[in-house]
>>> print(open('coords-v9.txt').read())   # compact mmCIF, C-alpha atoms
# COMPACT_ATOMS: atom_id res chain seq x y z
CA MET A 1 -197.43 55.84 -84.62
CA VAL A 2 -193.67 55.85 -85.10
CA LEU A 3 -191.39 58.47 -83.57
CA ALA A 4 -190.86 60.23 -86.92
CA ASP A 5 -194.63 60.67 -87.37
CA TRP A 6 -194.94 62.08 -83.85
CA TRP A 7 -192.08 64.53 -84.47
CA ASP A 8 -193.67 65.67 -87.75
CA ARG A 9 -196.89 66.43 -85.89
CA VAL A 10 -195.09 68.24 -83.07
CA ALA A 11 -192.92 70.26 -85.44
CA GLY A 12 -195.95 71.45 -87.36
CA ARG A 13 -195.56 69.28 -90.40
CA ALA A 14 -198.00 66.67 -91.71
CA GLY A 15 -200.98 69.04 -91.68
CA LYS A 16 -200.59 70.33 -88.11
CA ARG A 17 -199.19 73.71 -89.14
CA GLU A 18 -202.02 76.24 -89.39
CA VAL A 19 -201.70 79.31 -91.59
CA PHE A 20 -203.79 82.48 -91.32
CA PRO A 21 -203.68 85.73 -93.30
CA SER A 22 -202.49 88.76 -91.36
CA ARG A 23 -201.65 92.36 -92.08
CA PHE A 24 -197.94 91.49 -92.13
CA GLY A 25 -198.04 88.33 -94.21
CA GLU A 26 -198.61 84.72 -93.34
CA ALA A 27 -199.28 83.96 -89.68
CA ALA A 28 -198.19 80.39 -88.95
CA VAL A 29 -199.20 78.53 -85.79
CA TYR A 30 -197.42 75.30 -84.89
CA ALA A 31 -196.30 73.31 -81.86
CA MET A 32 -192.77 72.43 -80.80
CA PRO A 33 -191.38 70.53 -77.82
CA ALA A 34 -190.02 72.57 -74.93
CA GLU A 35 -186.85 71.56 -73.08
CA ASP A 36 -188.92 69.56 -70.60
CA GLY A 37 -190.71 67.66 -73.39
CA SER A 38 -194.01 69.51 -73.06
CA LEU A 39 -195.52 71.25 -76.07
CA VAL A 40 -195.28 74.95 -76.82
CA ARG A 41 -197.45 76.54 -79.49
CA MET A 42 -195.58 79.13 -81.57
CA LEU A 43 -196.80 82.15 -83.54
CA ASN A 44 -194.71 83.20 -86.51
CA VAL A 45 -195.89 86.25 -88.47
CA GLY A 46 -194.23 87.21 -91.72
CA GLY A 47 -191.33 84.86 -91.02
CA VAL A 48 -190.62 86.29 -87.54
CA LEU A 49 -191.34 84.47 -84.27
CA GLN A 50 -193.79 86.64 -82.34
CA SER A 51 -195.10 84.65 -79.40
CA ALA A 52 -195.61 81.28 -77.77
CA THR A 53 -197.72 79.54 -75.16
CA TYR A 54 -197.49 76.33 -73.21
CA LEU A 55 -200.25 73.87 -74.06
CA ASP A 56 -200.57 72.47 -70.54
CA GLU A 57 -201.55 73.89 -67.15
CA ARG A 58 -198.84 76.57 -67.60
CA TRP A 59 -200.89 78.25 -70.37
CA ALA A 60 -200.54 81.63 -68.62
CA THR A 61 -196.76 81.39 -68.06
CA CYS A 62 -194.44 82.97 -70.61
CA PRO A 63 -192.29 80.32 -72.29
CA PHE A 64 -189.53 82.85 -73.00
CA ALA A 65 -187.26 84.14 -70.23
CA TYR A 66 -187.10 87.63 -71.73
CA LEU A 67 -190.89 87.95 -71.40
CA ARG A 68 -190.85 86.69 -67.82
CA SER A 69 -188.19 89.32 -67.07
CA PHE A 70 -190.76 92.08 -67.72
CA ASP A 71 -191.95 91.40 -64.17
CA HIS A 72 -188.80 93.16 -62.91
CA LEU A 73 -190.74 96.39 -63.31
CA PHE A 74 -192.57 95.43 -60.10
CA GLU A 75 -189.24 95.33 -58.25
CA ALA A 76 -188.00 98.68 -59.57
CA ALA A 77 -188.16 102.04 -57.84
CA LEU A 78 -187.52 105.57 -58.98
CA PRO A 79 -184.98 107.02 -56.53
CA GLU A 80 -185.98 110.59 -57.38
CA ALA A 81 -189.68 109.95 -56.74
CA PRO A 82 -191.14 111.08 -53.41
CA ASP A 83 -193.28 107.95 -53.23
CA PRO A 84 -192.30 104.41 -54.18
CA LEU A 85 -193.34 103.26 -57.62
CA VAL A 86 -196.68 101.48 -57.57
CA VAL A 87 -197.56 99.87 -60.86
CA ASN A 88 -201.30 99.61 -61.35
CA ARG A 89 -201.72 100.19 -65.09
CA VAL A 90 -199.41 99.02 -67.88
CA LEU A 91 -199.40 99.88 -71.58
CA MET A 92 -198.07 97.21 -73.93
CA LEU A 93 -197.41 98.03 -77.57
CA GLY A 94 -198.08 94.89 -79.58
CA GLY A 95 -199.94 91.89 -78.23
CA ALA A 96 -199.04 89.05 -80.62
CA GLY A 97 -200.05 85.84 -78.81
CA PHE A 98 -200.60 87.72 -75.52
CA ALA A 99 -197.96 85.64 -73.71
CA TYR A 100 -196.96 88.39 -71.28
CA PRO A 101 -200.46 89.84 -70.75
CA LYS A 102 -201.67 86.43 -69.51
CA GLN A 103 -198.84 86.20 -67.00
CA LEU A 104 -199.08 89.83 -65.91
CA LEU A 105 -202.80 89.88 -65.25
CA LEU A 106 -202.97 86.53 -63.46
CA GLU A 107 -199.87 87.02 -61.29
CA HIS A 108 -200.55 90.68 -60.45
CA PRO A 109 -204.29 91.03 -59.77
CA GLY A 110 -204.08 94.74 -58.87
CA VAL A 111 -202.76 95.69 -62.29
CA ALA A 112 -204.76 96.72 -65.36
CA LEU A 113 -203.31 96.38 -68.86
CA ASP A 114 -203.88 98.22 -72.12
CA VAL A 115 -202.62 96.33 -75.17
CA VAL A 116 -202.36 98.17 -78.48
CA GLU A 117 -202.23 95.78 -81.44
CA ILE A 118 -202.34 96.87 -85.06
CA ASP A 119 -203.61 93.62 -86.55
CA PRO A 120 -207.11 92.33 -85.71
CA ALA A 121 -206.20 88.97 -87.29
CA VAL A 122 -203.43 88.50 -84.72
CA VAL A 123 -205.83 89.27 -81.86
CA GLN A 124 -208.24 86.67 -83.24
CA ILE A 125 -205.43 84.11 -83.51
CA ALA A 126 -204.47 84.89 -79.90
CA ARG A 127 -208.06 84.28 -78.78
CA GLU A 128 -208.44 81.03 -80.68
CA ARG A 129 -204.97 79.48 -80.39
CA PHE A 130 -203.09 81.21 -77.52
CA PHE A 131 -205.68 81.19 -74.70
CA LEU A 132 -206.57 84.88 -74.82
CA ASP A 133 -210.21 83.78 -74.72
CA ARG A 134 -209.49 81.80 -71.54
CA LEU A 135 -207.83 84.84 -69.97
CA GLU A 136 -210.79 87.06 -70.88
CA MET A 137 -213.26 84.53 -69.43
CA GLN A 138 -211.24 84.15 -66.23
CA LEU A 139 -210.97 87.91 -65.74
CA ALA A 140 -214.73 88.29 -66.33
CA ALA A 141 -215.49 85.50 -63.84
CA GLU A 142 -213.34 87.32 -61.25
CA GLY A 143 -215.08 90.65 -61.93
CA ARG A 144 -211.91 92.01 -63.54
CA ALA A 145 -212.96 92.18 -67.22
CA ASP A 146 -211.91 95.86 -67.37
CA ASP A 147 -208.35 94.95 -66.33
CA LEU A 148 -207.59 94.03 -69.96
CA ARG A 149 -208.30 96.56 -72.68
CA ILE A 150 -207.32 95.72 -76.24
CA GLU A 151 -207.12 98.62 -78.64
CA LEU A 152 -206.71 98.06 -82.35
CA ALA A 153 -204.58 100.97 -83.48
CA ASN A 154 -201.73 101.91 -85.73
CA LEU A 155 -198.70 102.48 -83.54
CA ARG A 156 -197.42 105.17 -85.91
CA TYR A 157 -199.90 107.60 -84.38
CA PRO A 158 -199.49 108.88 -80.84
CA LEU A 159 -201.52 107.36 -78.06
CA PRO A 160 -203.56 109.65 -75.84
CA PRO A 161 -201.67 110.85 -72.77
CA ALA A 162 -202.34 109.12 -69.48
CA ASP A 163 -201.22 109.79 -65.93
CA LYS A 164 -199.09 107.19 -64.17
CA ARG A 165 -198.64 105.05 -67.26
CA VAL A 166 -195.98 102.37 -67.55
CA ARG A 167 -194.77 101.64 -71.08
CA ILE A 168 -192.67 98.59 -71.92
CA HIS A 169 -190.62 99.06 -75.08
CA THR A 170 -189.50 95.79 -76.65
CA PHE A 171 -188.76 96.81 -80.23
CA GLY A 172 -185.02 96.36 -80.76
CA ASN A 173 -184.13 96.73 -77.09
CA PHE A 174 -185.81 96.42 -73.70
CA GLU A 175 -186.76 99.57 -71.82
CA ILE A 176 -189.38 100.47 -69.25
CA PHE A 177 -190.76 104.01 -69.01
CA VAL A 178 -192.84 105.42 -66.17
CA ASP A 179 -194.68 108.62 -66.99
CA GLY A 180 -192.39 109.06 -70.01
CA MET A 181 -189.16 108.71 -68.01
CA PRO A 182 -186.83 105.71 -68.46
CA LEU A 183 -186.76 103.42 -65.46
CA LYS A 184 -183.37 102.45 -64.05
CA LEU A 185 -183.37 98.80 -63.08
CA PRO A 186 -181.11 97.57 -60.24
>>> encode(input="coords-v9.txt", output="structure tokens")
Amino acid sequence: MVLADWWDRVAGRAGKREVFPSRFGEAAVYAMPAEDGSLVRMLNVGGVLQSATYLDERWATCPFAYLRSFDHLFEAALPEAPDPLVVNRVLMLGGAGFAYPKQLLLEHPGVALDVVEIDPAVVQIARERFFLDRLEMQLAAEGRADDLRIELANLRYPLPPADKRVRIHTFGNFEIFVDGMPLKLP
């Protein structure tokens, strides 16, 4: 195989680009090289990059720095709170390829996660192509299957209230809310 053929395969050309129908248009799955030369599988829905995953032993590590930065919520504290902030349940609006949920649940075993995703096709793609199935099997093997709850819901309608809920808002800007109050990061 010549270098050009290899690059076509890596870049998702020459039959390696998979396309699935989704609620928001075409969902394309393809691989690209990362800076270190390893492969990263990408999820593009409706022409917008939604998620990615490493294809090697780092399958549960977020390829994007902005997703890895979500872990700063574990370093944050609410100065006005009588007790330090203890994060044990997180709500994530939108799952896409479940890049951050994999990292969150495997690096923070005391945390449970609710993911609300509107599109069942995207959840299926995440299971089949982005190692969500591997995460679910690993959590079940560890007796932690209930630590990941996936709810298929339309985000236009309010979610039921919950005590001590952390919400990460990533639409347009990055904000973390604890019990409905914005969290001030150091």
>>> closest_atom_pairs(input="coords-v9.txt", of="stretch 48-105 of chain A", to="stretch 118-137 of chain A", cutoff="9 Å", atoms="all atoms listed in the file", output="Markdown table")
| residue | atom | partner | partner_atom | distance |
| --- | --- | --- | --- | --- |
| A:Ser51 | CA | A:Phe130 | CA | 8.9 |
| A:Ala52 | CA | A:Phe130 | CA | 7.5 |
| A:Thr53 | CA | A:Phe130 | CA | 6.1 |
| A:Tyr54 | CA | A:Phe130 | CA | 8.6 |
| A:Leu55 | CA | A:Phe130 | CA | 8.6 |
| A:Trp59 | CA | A:Phe131 | CA | 7.1 |
| A:Ala60 | CA | A:Phe131 | CA | 8.0 |
| A:Gly94 | CA | A:Ile118 | CA | 7.2 |
| A:Gly95 | CA | A:Val123 | CA | 7.4 |
| A:Ala96 | CA | A:Val122 | CA | 6.0 |
| A:Gly97 | CA | A:Ala126 | CA | 4.7 |
| A:Phe98 | CA | A:Ala126 | CA | 6.5 |
| A:Ala99 | CA | A:Phe130 | CA | 7.8 |
| A:Pro101 | CA | A:Leu132 | CA | 8.9 |
| A:Lys102 | CA | A:Leu135 | CA | 6.4 |
| A:Leu105 | CA | A:Leu135 | CA | 8.5 |
>>> residues_around(input="coords-v9.txt", residues="A:Leu67", least_positions_apart="3", cutoff="10 Å", atoms="all atoms listed in the file", output="ChimeraX atom specification")
/A:51,61-64,70-71,99-101,103,170
>>> closest_residue(input="coords-v9.txt", among="A:Val48, A:Gln138, A:Met42, A:Tyr66", to="A:Leu106", atoms="all atoms listed in the file")
A:Gln138
>>> atom_distance(input="coords-v9.txt", atom1="atom CA of A:Asn44", atom2="atom CA of A:Glu26")
8.0 Å
>>> atom_distance(input="coords-v9.txt", atom1="atom CA of A:Pro182", atom2="atom CA of A:Ile150")
24.1 Å
>>> atom_distance(input="coords-v9.txt", atom1="atom CA of A:Glu117", atom2="atom CA of A:Leu139")
19.6 Å
>>> closest_residue(input="coords-v9.txt", among="A:Arg149, A:Arg58, A:Arg17, A:Arg89", to="A:Phe74", atoms="only C-alpha atoms")
A:Arg89
>>> closest_residue(input="coords-v9.txt", among="A:Glu75, A:Glu57, A:Asp147, A:Glu18", to="A:Leu43", atoms="only C-alpha atoms")
A:Glu18
>>> closest_residue(input="coords-v9.txt", among="A:Leu104, A:Ala140, A:Val111, A:Leu39", to="A:Val87", atoms="all atoms listed in the file")
A:Val111
